[in-house]
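Source file: target12.pdb; contents: PDB, C-alpha atoms, pLDDT in the B column.
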```
ATOM      1  CA  ALA A   1      82.280 132.707  98.292  1.00 79.00           C
ATOM      2  CA  LYS A   2      82.010 134.048 101.842  1.00 82.00           C
ATOM      3  CA  ASP A   3      82.969 137.533 100.639  1.00 87.00           C
ATOM      4  CA  CYS A   4      80.198 137.342  98.043  1.00 86.00           C
ATOM      5  CA  GLU A   5      77.686 136.283 100.717  1.00 86.00           C
ATOM      6  CA  MET A   6      78.721 139.270 102.814  1.00 87.00           C
ATOM      7  CA  ALA A   7      78.409 141.637  99.861  1.00 86.00           C
ATOM      8  CA  ILE A   8      74.901 140.307  99.152  1.00 83.00           C
ATOM      9  CA  THR A   9      73.938 140.833 102.793  1.00 85.00           C
ATOM     10  CA  LEU A  10      74.944 144.471 102.426  1.00 87.00           C
ATOM     11  CA  ASP A  11      73.311 144.816  99.005  1.00 86.00           C
ATOM     12  CA  PRO A  12      70.766 142.111  98.037  1.00 83.00           C
ATOM     13  CA  SER A  13      70.656 143.478  94.463  1.00 84.00           C
ATOM     14  CA  PHE A  14      74.408 143.101  93.837  1.00 88.00           C
ATOM     15  CA  VAL A  15      74.264 140.965  90.680  1.00 88.00           C
ATOM     16  CA  LYS A  16      78.007 140.364  90.319  1.00 90.00           C
ATOM     17  CA  ALA A  17      78.211 139.059  93.882  1.00 89.00           C
ATOM     18  CA  TYR A  18      75.613 136.384  93.119  1.00 87.00           C
ATOM     19  CA  ALA A  19      77.285 135.342  89.863  1.00 90.00           C
ATOM     20  CA  ARG A  20      80.759 135.292  91.389  1.00 91.00           C
ATOM     21  CA  GLY A  21      79.504 133.475  94.489  1.00 92.00           C
ATOM     22  CA  VAL A  22      77.979 130.704  92.341  1.00 91.00           C
ATOM     23  CA  THR A  23      81.264 130.300  90.470  1.00 90.00           C
ATOM     24  CA  CYS A  24      83.229 130.106  93.716  1.00 91.00           C
ATOM     25  CA  TYR A  25      80.902 127.530  95.273  1.00 91.00           C
ATOM     26  CA  VAL A  26      80.928 125.405  92.116  1.00 91.00           C
ATOM     27  CA  ASN A  27      84.719 125.577  92.012  1.00 89.00           C
ATOM     28  CA  ILE A  28      84.916 123.825  95.392  1.00 88.00           C
ATOM     29  CA  GLY A  29      82.044 121.452  94.614  1.00 89.00           C
ATOM     30  CA  HIS A  30      79.497 123.046  96.950  1.00 91.00           C
ATOM     31  CA  LEU A  31      76.557 122.838  94.565  1.00 92.00           C
ATOM     32  CA  LYS A  32      73.856 123.035  97.247  1.00 93.00           C
ATOM     33  CA  GLU A  33      75.333 126.278  98.551  1.00 91.00           C
ATOM     34  CA  ALA A  34      75.450 127.652  95.008  1.00 91.00           C
ATOM     35  CA  SER A  35      71.800 126.741  94.534  1.00 92.00           C
ATOM     36  CA  ALA A  36      70.827 128.312  97.854  1.00 90.00           C
ATOM     37  CA  LEU A  37      72.597 131.503  96.840  1.00 89.00           C
ATOM     38  CA  LEU A  38      70.632 131.721  93.607  1.00 88.00           C
ATOM     39  CA  GLU A  39      67.371 131.060  95.436  1.00 89.00           C
ATOM     40  CA  LYS A  40      67.891 134.343  97.222  1.00 86.00           C
ATOM     41  CA  THR A  41      67.454 136.191  93.921  1.00 85.00           C
ATOM     42  CA  ALA A  42      63.801 135.145  93.872  1.00 78.00           C
ATOM     43  CA  GLU A  43      63.267 137.617  96.663  1.00 72.00           C
ATOM     44  CA  THR A  44      64.700 140.473  94.586  1.00 75.00           C
ATOM     45  CA  LYS A  45      64.050 142.184  91.268  1.00 80.00           C
ATOM     46  CA  ILE A  46      67.190 140.711  89.672  1.00 87.00           C
ATOM     47  CA  ALA A  47      65.941 137.133  89.174  1.00 83.00           C
ATOM     48  CA  GLU A  48      65.633 137.681  85.411  1.00 84.00           C
ATOM     49  CA  ASN A  49      68.932 139.502  85.071  1.00 88.00           C
ATOM     50  CA  ALA A  50      71.095 138.054  82.259  1.00 90.00           C
ATOM     51  CA  GLN A  51      74.025 137.303  84.603  1.00 90.00           C
ATOM     52  CA  ILE A  52      71.733 135.546  87.062  1.00 88.00           C
ATOM     53  CA  ARG A  53      70.146 133.463  84.306  1.00 90.00           C
ATOM     54  CA  GLU A  54      73.610 132.521  83.038  1.00 92.00           C
ATOM     55  CA  ALA A  55      74.676 131.554  86.570  1.00 90.00           C
ATOM     56  CA  LYS A  56      71.599 129.298  86.821  1.00 92.00           C
ATOM     57  CA  ARG A  57      72.380 127.647  83.469  1.00 93.00           C
ATOM     58  CA  PHE A  58      75.974 127.108  84.548  1.00 93.00           C
ATOM     59  CA  LEU A  59      74.924 125.523  87.849  1.00 93.00           C
ATOM     60  CA  ASP A  60      72.347 123.295  86.116  1.00 94.00           C
ATOM     61  CA  HIS A  61      75.006 122.160  83.631  1.00 94.00           C
ATOM     62  CA  VAL A  62      77.516 121.275  86.349  1.00 94.00           C
ATOM     63  CA  THR A  63      74.883 119.549  88.496  1.00 95.00           C
ATOM     64  CA  ALA A  64      73.763 117.393  85.563  1.00 96.00           C
ATOM     65  CA  SER A  65      77.390 116.562  84.735  1.00 96.00           C
ATOM     66  CA  MET A  66      78.029 115.520  88.339  1.00 95.00           C
ATOM     67  CA  LYS A  67      75.020 113.174  88.279  1.00 96.00           C
ATOM     68  CA  ARG A  68      76.188 111.631  85.001  1.00 97.00           C
ATOM     69  CA  LEU A  69      79.665 111.042  86.435  1.00 97.00           C
ATOM     70  CA  GLU A  70      78.219 109.387  89.539  1.00 97.00           C
ATOM     71  CA  THR A  71      76.128 107.104  87.309  1.00 97.00           C
ATOM     72  CA  PHE A  72      79.098 106.200  85.093  1.00 97.00           C
ATOM     73  CA  VAL A  73      81.177 105.255  88.135  1.00 97.00           C
ATOM     74  CA  LYS A  74      78.348 103.213  89.642  1.00 96.00           C
ATOM     75  CA  GLU A  75      77.740 101.384  86.349  1.00 97.00           C
ATOM     76  CA  LYS A  76      81.495 100.983  85.695  1.00 96.00           C
ATOM     77  CA  LYS A  77      81.287 102.857  82.409  1.00 97.00           C
ATOM     78  CA  TYR A  78      84.836 104.069  82.850  1.00 97.00           C
ATOM     79  CA  LYS A  79      85.537 105.484  79.394  1.00 97.00           C
ATOM     80  CA  ALA A  80      82.439 107.682  79.503  1.00 97.00           C
ATOM     81  CA  GLY A  81      83.199 108.550  83.119  1.00 97.00           C
ATOM     82  CA  THR A  82      86.740 109.636  82.277  1.00 97.00           C
ATOM     83  CA  LYS A  83      85.469 111.970  79.572  1.00 97.00           C
ATOM     84  CA  GLU A  84      82.763 113.372  81.861  1.00 97.00           C
ATOM     85  CA  GLY A  85      85.132 113.734  84.811  1.00 96.00           C
ATOM     86  CA  LYS A  86      87.770 115.605  82.828  1.00 96.00           C
ATOM     87  CA  SER A  87      85.136 117.994  81.532  1.00 95.00           C
ATOM     88  CA  LEU A  88      83.704 118.472  85.016  1.00 94.00           C
ATOM     89  CA  LEU A  89      87.093 119.239  86.556  1.00 92.00           C
ATOM     90  CA  GLN A  90      87.358 122.266  84.311  1.00 91.00           C
ATOM     91  CA  HIS A  91      84.706 123.796  86.576  1.00 91.00           C
ATOM     92  CA  ILE A  92      85.138 121.908  89.867  1.00 91.00           C
ATOM     93  CA  THR A  93      88.840 122.131  90.585  1.00 83.00           C
ATOM     94  CA  LYS A  94      88.944 121.759  94.361  1.00 81.00           C
ATOM     95  CA  HIS A  95      86.502 118.978  95.249  1.00 86.00           C
ATOM     96  CA  LEU A  96      87.968 115.697  96.463  1.00 86.00           C
ATOM     97  CA  PRO A  97      84.944 113.414  95.722  1.00 89.00           C
ATOM     98  CA  THR A  98      84.865 114.566  92.088  1.00 92.00           C
ATOM     99  CA  THR A  99      88.596 113.988  91.700  1.00 92.00           C
ATOM    100  CA  VAL A 100      88.279 110.532  93.278  1.00 92.00           C
ATOM    101  CA  MET A 101      85.482 109.591  90.869  1.00 95.00           C
ATOM    102  CA  LEU A 102      87.650 110.607  87.911  1.00 96.00           C
ATOM    103  CA  ILE A 103      90.581 108.634  89.331  1.00 95.00           C
ATOM    104  CA  LYS A 104      88.350 105.554  89.692  1.00 95.00           C
ATOM    105  CA  CYS A 105      87.418 105.854  86.021  1.00 97.00           C
ATOM    106  CA  LEU A 106      91.069 106.239  85.030  1.00 97.00           C
ATOM    107  CA  GLU A 107      91.847 103.218  87.193  1.00 95.00           C
ATOM    108  CA  GLY A 108      89.143 101.261  85.381  1.00 95.00           C
ATOM    109  CA  GLU A 109      90.787 102.164  82.072  1.00 96.00           C
ATOM    110  CA  GLU A 110      94.245 101.437  83.536  1.00 92.00           C
ATOM    111  CA  LYS A 111      95.449 104.927  82.649  1.00 94.00           C
ATOM    112  CA  TRP A 112      97.983 104.958  85.466  1.00 93.00           C
ATOM    113  CA  SER A 113     100.155 107.701  83.987  1.00 92.00           C
ATOM    114  CA  GLU A 114      97.210 110.127  84.186  1.00 95.00           C
ATOM    115  CA  ILE A 115      96.457 109.302  87.817  1.00 95.00           C
ATOM    116  CA  VAL A 116      99.929 110.206  89.121  1.00 92.00           C
ATOM    117  CA  PRO A 117      99.811 113.965  88.282  1.00 91.00           C
ATOM    118  CA  LEU A 118      96.143 114.210  89.268  1.00 91.00           C
ATOM    119  CA  ALA A 119      96.740 112.691  92.709  1.00 91.00           C
ATOM    120  CA  GLY A 120     100.042 114.526  93.064  1.00 87.00           C
ATOM    121  CA  ALA A 121      98.365 117.901  92.558  1.00 86.00           C
ATOM    122  CA  TRP A 122      95.949 117.114  95.411  1.00 85.00           C
ATOM    123  CA  LEU A 123      98.777 116.002  97.674  1.00 85.00           C
ATOM    124  CA  ARG A 124     100.466 119.379  97.277  1.00 83.00           C
ATOM    125  CA  THR A 125      97.352 121.189  98.529  1.00 79.00           C
ATOM    126  CA  ALA A 126      95.771 118.611 100.866  1.00 76.00           C
ATOM    127  CA  GLN A 127      94.056 120.231 103.825  1.00 73.00           C
ATOM    128  CA  SER A 128      93.747 117.162 106.042  1.00 77.00           C
ATOM    129  CA  ALA A 129      95.317 113.794 106.800  1.00 78.00           C
ATOM    130  CA  ALA A 130      92.240 112.063 105.349  1.00 76.00           C
ATOM    131  CA  GLU A 131      92.732 113.813 102.003  1.00 78.00           C
ATOM    132  CA  SER A 132      96.439 112.976 102.054  1.00 86.00           C
ATOM    133  CA  VAL A 133      95.834 109.287 102.771  1.00 91.00           C
ATOM    134  CA  ASP A 134      93.324 108.899  99.938  1.00 88.00           C
ATOM    135  CA  MET A 135      95.537 110.610  97.393  1.00 90.00           C
ATOM    136  CA  LEU A 136      98.694 108.904  98.642  1.00 92.00           C
ATOM    137  CA  PHE A 137      96.942 105.590  98.059  1.00 94.00           C
ATOM    138  CA  TYR A 138      95.834 106.412  94.504  1.00 94.00           C
ATOM    139  CA  ASN A 139      99.200 107.966  93.643  1.00 94.00           C
ATOM    140  CA  SER A 140     101.051 104.936  95.018  1.00 95.00           C
ATOM    141  CA  LEU A 141      98.663 102.502  93.315  1.00 94.00           C
ATOM    142  CA  ALA A 142      99.320 104.163  89.962  1.00 94.00           C
ATOM    143  CA  LEU A 143     103.081 104.061  90.550  1.00 94.00           C
ATOM    144  CA  TYR A 144     102.871 100.397  91.572  1.00 93.00           C
ATOM    145  CA  LYS A 145     100.864  99.485  88.470  1.00 92.00           C
ATOM    146  CA  SER A 146     103.391 101.400  86.359  1.00 89.00           C
ATOM    147  CA  GLY A 147     106.277  99.390  87.785  1.00 87.00           C
ATOM    148  CA  SER A 148     107.758 102.172  89.966  1.00 90.00           C
ATOM    149  CA  ALA A 149     108.223  99.930  92.995  1.00 89.00           C
ATOM    150  CA  ILE A 150     110.432 102.155  95.159  1.00 91.00           C
ATOM    151  CA  ARG A 151     108.226 105.250  94.858  1.00 93.00           C
ATOM    152  CA  ALA A 152     105.083 103.155  95.329  1.00 94.00           C
ATOM    153  CA  LYS A 153     106.375 101.542  98.525  1.00 93.00           C
ATOM    154  CA  ARG A 154     107.391 104.941  99.878  1.00 94.00           C
ATOM    155  CA  GLY A 155     103.887 106.273  99.218  1.00 94.00           C
ATOM    156  CA  PHE A 156     102.064 103.314 100.767  1.00 95.00           C
ATOM    157  CA  LYS A 157     104.337 103.484 103.799  1.00 94.00           C
ATOM    158  CA  LYS A 158     103.602 107.198 104.261  1.00 93.00           C
ATOM    159  CA  ALA A 159      99.856 106.558 103.900  1.00 94.00           C
ATOM    160  CA  LEU A 160     100.049 103.908 106.621  1.00 94.00           C
ATOM    161  CA  GLU A 161     101.977 106.269 108.873  1.00 94.00           C
ATOM    162  CA  LEU A 162      99.068 108.714 108.578  1.00 92.00           C
ATOM    163  CA  ASP A 163      96.438 105.987 108.940  1.00 94.00           C
ATOM    164  CA  PRO A 164      97.744 102.580 110.110  1.00 94.00           C
ATOM    165  CA  ASP A 165      94.304 101.030 109.498  1.00 94.00           C
ATOM    166  CA  HIS A 166      93.988 102.133 105.860  1.00 94.00           C
ATOM    167  CA  GLY A 167      92.981  98.769 104.415  1.00 95.00           C
ATOM    168  CA  PRO A 168      93.783  99.242 100.689  1.00 94.00           C
ATOM    169  CA  SER A 169      97.278 100.604 101.409  1.00 95.00           C
ATOM    170  CA  LYS A 170      97.954  97.882 103.951  1.00 95.00           C
ATOM    171  CA  SER A 171      96.852  95.132 101.550  1.00 94.00           C
ATOM    172  CA  ILE A 172      99.002  96.211  98.612  1.00 94.00           C
ATOM    173  CA  PHE A 173     102.010  97.136 100.779  1.00 95.00           C
ATOM    174  CA  ARG A 174     101.913  93.667 102.355  1.00 95.00           C
ATOM    175  CA  ALA A 175     101.590  92.030  98.927  1.00 94.00           C
ATOM    176  CA  MET A 176     104.564  94.010  97.599  1.00 94.00           C
ATOM    177  CA  LYS A 177     106.732  92.872 100.507  1.00 94.00           C
ATOM    178  CA  ASN A 178     105.711  89.250  99.964  1.00 96.00           C
ATOM    179  CA  MET A 179     106.404  89.528  96.239  1.00 95.00           C
ATOM    180  CA  GLU A 180     109.854  90.935  96.930  1.00 95.00           C
ATOM    181  CA  LYS A 181     110.664  88.067  99.285  1.00 97.00           C
ATOM    182  CA  LEU A 182     109.502  85.427  96.798  1.00 97.00           C
ATOM    183  CA  LYS A 183     111.392  87.107  93.953  1.00 97.00           C
ATOM    184  CA  SER A 184     114.562  87.290  96.078  1.00 97.00           C
ATOM    185  CA  ARG A 185     114.286  83.617  97.046  1.00 97.00           C
ATOM    186  CA  GLY A 186     113.695  82.736  93.401  1.00 97.00           C
ATOM    187  CA  ASP A 187     116.856  84.597  92.373  1.00 97.00           C
ATOM    188  CA  GLU A 188     118.880  82.846  95.063  1.00 97.00           C
ATOM    189  CA  THR A 189     117.541  79.432  94.047  1.00 97.00           C
ATOM    190  CA  PHE A 190     118.218  80.180  90.367  1.00 97.00           C
ATOM    191  CA  ARG A 191     121.845  81.040  91.153  1.00 97.00           C
ATOM    192  CA  LYS A 192     122.183  77.640  92.860  1.00 97.00           C
ATOM    193  CA  GLY A 193     120.987  75.946  89.693  1.00 97.00           C
ATOM    194  CA  GLU A 194     117.735  74.764  91.287  1.00 97.00           C
ATOM    195  CA  TYR A 195     115.633  75.848  88.325  1.00 97.00           C
ATOM    196  CA  THR A 196     112.438  73.936  89.073  1.00 97.00           C
ATOM    197  CA  GLU A 197     112.236  75.431  92.570  1.00 97.00           C
ATOM    198  CA  ALA A 198     113.083  78.861  91.151  1.00 97.00           C
ATOM    199  CA  ILE A 199     110.124  78.582  88.770  1.00 97.00           C
ATOM    200  CA  VAL A 200     107.838  77.709  91.680  1.00 98.00           C
ATOM    201  CA  LEU A 201     108.997  80.778  93.620  1.00 98.00           C
ATOM    202  CA  TYR A 202     108.758  83.140  90.644  1.00 97.00           C
ATOM    203  CA  THR A 203     105.281  81.809  89.884  1.00 98.00           C
ATOM    204  CA  SER A 204     104.180  82.362  93.489  1.00 97.00           C
ATOM    205  CA  CYS A 205     105.468  85.925  93.223  1.00 97.00           C
ATOM    206  CA  ILE A 206     103.678  86.623  89.942  1.00 97.00           C
ATOM    207  CA  ASP A 207     100.439  85.011  91.127  1.00 97.00           C
ATOM    208  CA  LEU A 208     100.077  87.584  93.909  1.00 95.00           C
ATOM    209  CA  ASP A 209      99.212  90.106  91.167  1.00 94.00           C
ATOM    210  CA  PRO A 210      99.098  88.131  87.909  1.00 94.00           C
ATOM    211  CA  ASN A 211      97.880  90.989  85.716  1.00 90.00           C
ATOM    212  CA  ASN A 212     100.571  93.460  86.752  1.00 92.00           C
ATOM    213  CA  ASP A 213     103.287  92.592  84.241  1.00 92.00           C
ATOM    214  CA  ARG A 214     105.056  95.925  84.696  1.00 91.00           C
ATOM    215  CA  TYR A 215     105.731  95.206  88.346  1.00 92.00           C
ATOM    216  CA  ASN A 216     106.395  91.515  87.636  1.00 93.00           C
ATOM    217  CA  LEU A 217     108.766  92.247  84.759  1.00 93.00           C
ATOM    218  CA  SER A 218     111.921  90.926  86.427  1.00 93.00           C
ATOM    219  CA  ALA A 219     110.194  87.822  87.829  1.00 96.00           C
ATOM    220  CA  LEU A 220     108.762  87.022  84.392  1.00 96.00           C
ATOM    221  CA  ALA A 221     112.134  87.459  82.709  1.00 95.00           C
ATOM    222  CA  ASN A 222     113.910  85.323  85.275  1.00 96.00           C
ATOM    223  CA  ARG A 223     111.230  82.624  85.118  1.00 96.00           C
ATOM    224  CA  SER A 224     111.672  82.603  81.348  1.00 96.00           C
ATOM    225  CA  ALA A 225     115.414  82.037  81.850  1.00 96.00           C
ATOM    226  CA  ALA A 226     114.681  79.173  84.252  1.00 97.00           C
ATOM    227  CA  PHE A 227     112.355  77.595  81.701  1.00 97.00           C
ATOM    228  CA  VAL A 228     115.147  77.817  79.105  1.00 96.00           C
ATOM    229  CA  LYS A 229     117.542  76.045  81.476  1.00 96.00           C
ATOM    230  CA  LEU A 230     115.035  73.193  81.721  1.00 97.00           C
ATOM    231  CA  LYS A 231     114.437  73.253  77.933  1.00 96.00           C
ATOM    232  CA  ARG A 232     110.795  74.203  78.476  1.00 96.00           C
ATOM    233  CA  HIS A 233     110.979  76.555  75.532  1.00 96.00           C
ATOM    234  CA  GLU A 234     107.288  77.200  74.880  1.00 96.00           C
ATOM    235  CA  GLU A 235     106.765  78.395  78.449  1.00 96.00           C
ATOM    236  CA  ALA A 236     109.931  80.481  78.206  1.00 95.00           C
ATOM    237  CA  ILE A 237     108.603  82.167  75.063  1.00 94.00           C
ATOM    238  CA  ASP A 238     105.242  82.867  76.713  1.00 96.00           C
ATOM    239  CA  ASP A 239     106.953  84.720  79.568  1.00 95.00           C
ATOM    240  CA  LEU A 240     109.301  86.523  77.192  1.00 93.00           C
ATOM    241  CA  ASP A 241     106.334  87.693  75.108  1.00 93.00           C
ATOM    242  CA  ARG A 242     104.818  89.247  78.231  1.00 94.00           C
ATOM    243  CA  VAL A 243     108.110  90.971  79.004  1.00 93.00           C
ATOM    244  CA  LEU A 244     108.453  92.359  75.476  1.00 92.00           C
ATOM    245  CA  THR A 245     104.862  93.588  75.524  1.00 92.00           C
ATOM    246  CA  VAL A 246     105.856  95.865  78.398  1.00 90.00           C
ATOM    247  CA  GLN A 247     109.347  96.717  77.106  1.00 87.00           C
ATOM    248  CA  PRO A 248     109.397  96.046  73.347  1.00 85.00           C
ATOM    249  CA  ASN A 249     112.627  97.975  72.792  1.00 76.00           C
ATOM    250  CA  ASN A 250     114.673  96.375  75.585  1.00 66.00           C
ATOM    251  CA  VAL A 251     117.384  94.508  73.688  1.00 57.00           C
ATOM    252  CA  LYS A 252     118.330  92.619  76.856  1.00 66.00           C
ATOM    253  CA  TRP A 253     115.292  90.360  76.396  1.00 56.00           C
ATOM    254  CA  VAL A 254     115.546  89.914  72.629  1.00 56.00           C
TER     255      VAL A 254
END
```
Kindly return the structure encoded in the file as structure tokens.
Amino acid sequence: AKDCEMAITLDPSFVKAYARGVTCYVNIGHLKEASALLEKTAETKIAENAQIREAKRFLDHVTASMKRLETFVKEKKYKAGTKEGKSLLQHITKHLPTTVMLIKCLEGEEKWSEIVPLAGAWLRTAQSAAESVDMLFYNSLALYKSGSAIRAKRGFKKALELDPDHGPSKSIFRAMKNMEKLKSRGDETFRKGEYTEAIVLYTSCIDLDPNNDRYNLSALANRSAAFVKLKRHEEAIDDLDRVLTVQPNNVKWV
């Protein structure tokens, strides 16, 4: 984009420099700069040139798409936002706020497997610690929600090394540690044959994130086994159903 600006300074009628400059600015999400570049054509005889008109249409299209995405995120219309964000990222490939908005929509739809590569791509090219922390958080969150505990903990820990006060990372990292402790105590109590206490501990573990059955898989399975030991079969079946919903082909639980 800077090279295009320089070329235009040397030759204000250089049509390709304007068109290419708009594309470059849009690619990094600098829509105001792209607009300012096109405004310069008003001072020349090329304002009605076909390439300039096409550049204006392209910029208007991307600007409108960005506004729609912002609205979808604000109104929590995640499905529409995901579709809009994916389309927008075909043009804006290096703009963190746009990527974050798409990730928030994917999060709203619980499409964790799509967040991991998206955040991972940013992490490989992050230009600052702030960018790294944000993407480490979203990458780790997606891993955590997918049940990849070890990788998630590693990511949250790295995010907190970069920014010890990063609230979202700190909150989930602390919760994961507490869940591990409760799960471990539940296992120990179960082995001692203290099934009622084991159920209490497993329940406390699960209740820290009750909708994350992938991460809670082992605690749910072990609580189901404790229910069986106490002949509380309906509750055992309820937990087992949740386990099999996550891993329907795992013969261990059948």
Contacts between range 99-104 of chain A and range 42-74 of chain A, please, where a residue of range 42-74 of chain A counts if it comes within 9 Å (with only C-alpha atoms); show its shortest atom pair and distance in Å to one decimal, rows by chain and ascending number, as a Markdown table.
```
| residue | atom | partner | partner_atom | distance |
| --- | --- | --- | --- | --- |
| A:Leu69 | CA | A:Met101 | CA | 7.5 |
| A:Glu70 | CA | A:Met101 | CA | 7.4 |
| A:Val73 | CA | A:Met101 | CA | 6.7 |
```
If we count all atoms listed in the file, what is near Leu217 in chain A at a cut-off of 12 Å, once residues fewer than 5 positions away on the same chain are taken out, given as a VMD selection string?
chain A and resid 145 to 149 183 202 205 to 206 209 to 212 222 to 224 239 to 247 250 253
Include C-alpha atoms and write out the residues we just selected as a short mmCIF file (atom, residue, chain, number, x, y, z; two decimals), in the frame of the given file.
```cif
data_model
loop_
_atom_site.label_atom_id
_atom_site.label_comp_id
_atom_site.auth_asym_id
_atom_site.auth_seq_id
_atom_site.Cartn_x
_atom_site.Cartn_y
_atom_site.Cartn_z
CA LYS A 145 100.86 99.48 88.47
CA SER A 146 103.39 101.40 86.36
CA GLY A 147 106.28 99.39 87.78
CA SER A 148 107.76 102.17 89.97
CA ALA A 149 108.22 99.93 93.00
CA LYS A 183 111.39 87.11 93.95
CA TYR A 202 108.76 83.14 90.64
CA CYS A 205 105.47 85.92 93.22
CA ILE A 206 103.68 86.62 89.94
CA ASP A 209 99.21 90.11 91.17
CA PRO A 210 99.10 88.13 87.91
CA ASN A 211 97.88 90.99 85.72
CA ASN A 212 100.57 93.46 86.75
CA ASN A 222 113.91 85.32 85.28
CA ARG A 223 111.23 82.62 85.12
CA SER A 224 111.67 82.60 81.35
CA ASP A 239 106.95 84.72 79.57
CA LEU A 240 109.30 86.52 77.19
CA ASP A 241 106.33 87.69 75.11
CA ARG A 242 104.82 89.25 78.23
CA VAL A 243 108.11 90.97 79.00
CA LEU A 244 108.45 92.36 75.48
CA THR A 245 104.86 93.59 75.52
CA VAL A 246 105.86 95.86 78.40
CA GLN A 247 109.35 96.72 77.11
CA ASN A 250 114.67 96.38 75.58
CA TRP A 253 115.29 90.36 76.40
#
```
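Between CA of Leu31 in chain A and CA of Gln127 in chain A there is a distance of 20.0 Å.
Remark: for Arg214 in chain A, the closest of the candidate residues A:Ala17, A:Pro97, A:Ala175, A:Trp112 is A:Trp112 (distances computed over only C-alpha atoms).
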Within 12 Å of range 41-50 of chain A, counting only C-alpha atoms, which residues show up once you throw out same-chain ones fewer than 4 positions away? Write them as a ChimeraX atom specification, please.
/A:8-9,11-19,22,34-37,54-57
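Shortest atom-to-atom contact with Thr98 in chain A among A:Ile52, A:Ala1, A:Met66, A:Ala219: A:Met66, counting all atoms listed in the file.
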One decimal, in Å: what's the spacing between CA of Val228 in chain A and CA of Asn216 in chain A?
18.4 Å
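Take the PyMOL selection byres ((chain A and resi 122) around 10) and apply it to this file: it picks Thr93, Lys94, His95, Leu96, Thr99, Pro117, Leu118, Ala119, Gly120, Ala121, Leu123, Arg124, Thr125, Ala126, Gln127, Glu131, Ser132, Asp134, Met135, Leu136 and Asn139 of chain A.
Of note, CA of Ala80 in chain A and CA of Leu141 in chain A are spaced 21.9 Å apart.
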Answer key for the PyMOL selection byres ((chain A and resi 91) around 12), residues as a ChimeraX atom specification
/A:22-31,58-59,61-63,65-66,84-90,92-95,98-99
Could you tell me which residues the PyMOL selection byres ((chain A and resi 154) around 12) returns for this structure, as a PyMOL selection string?
chain A and resi 136-137+139-141+143-144+148-153+155-161+169+173+176
Once you add 4 Å to each side, what are the centre and edge lengths of the axis-aligned box holding all listed atoms of range 84-95 of chain A? One decimal in Å, as JSON, if you can.
```
{"center_x": 85.9, "center_y": 118.6, "center_z": 88.4, "size_x": 14.2, "size_y": 18.4, "size_z": 21.7}
```
Write out as a list in words each polymer residue whose atoms come within 12 Å of Arg232 in chain A, counting only C-alpha atoms; drop sequence neighbours fewer than 5 positions from it.
Tyr195, Thr196, Ile199, Arg223, Ser224, Ala225, Ala226, Phe227, Ile237, Asp238 and Asp239 of chain A
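Each of A:Glu180, A:Lys77, A:Ser128, A:Val133 was checked against Glu109 in chain A using only C-alpha atoms; the smallest atom-to-atom distance is that of A:Lys77.
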Rank nothing, just name the residue among A:Gly81, A:Gly193, A:Gly108, A:Gly167 nearest to Leu230 in chain A, using only C-alpha atoms.
A:Gly193
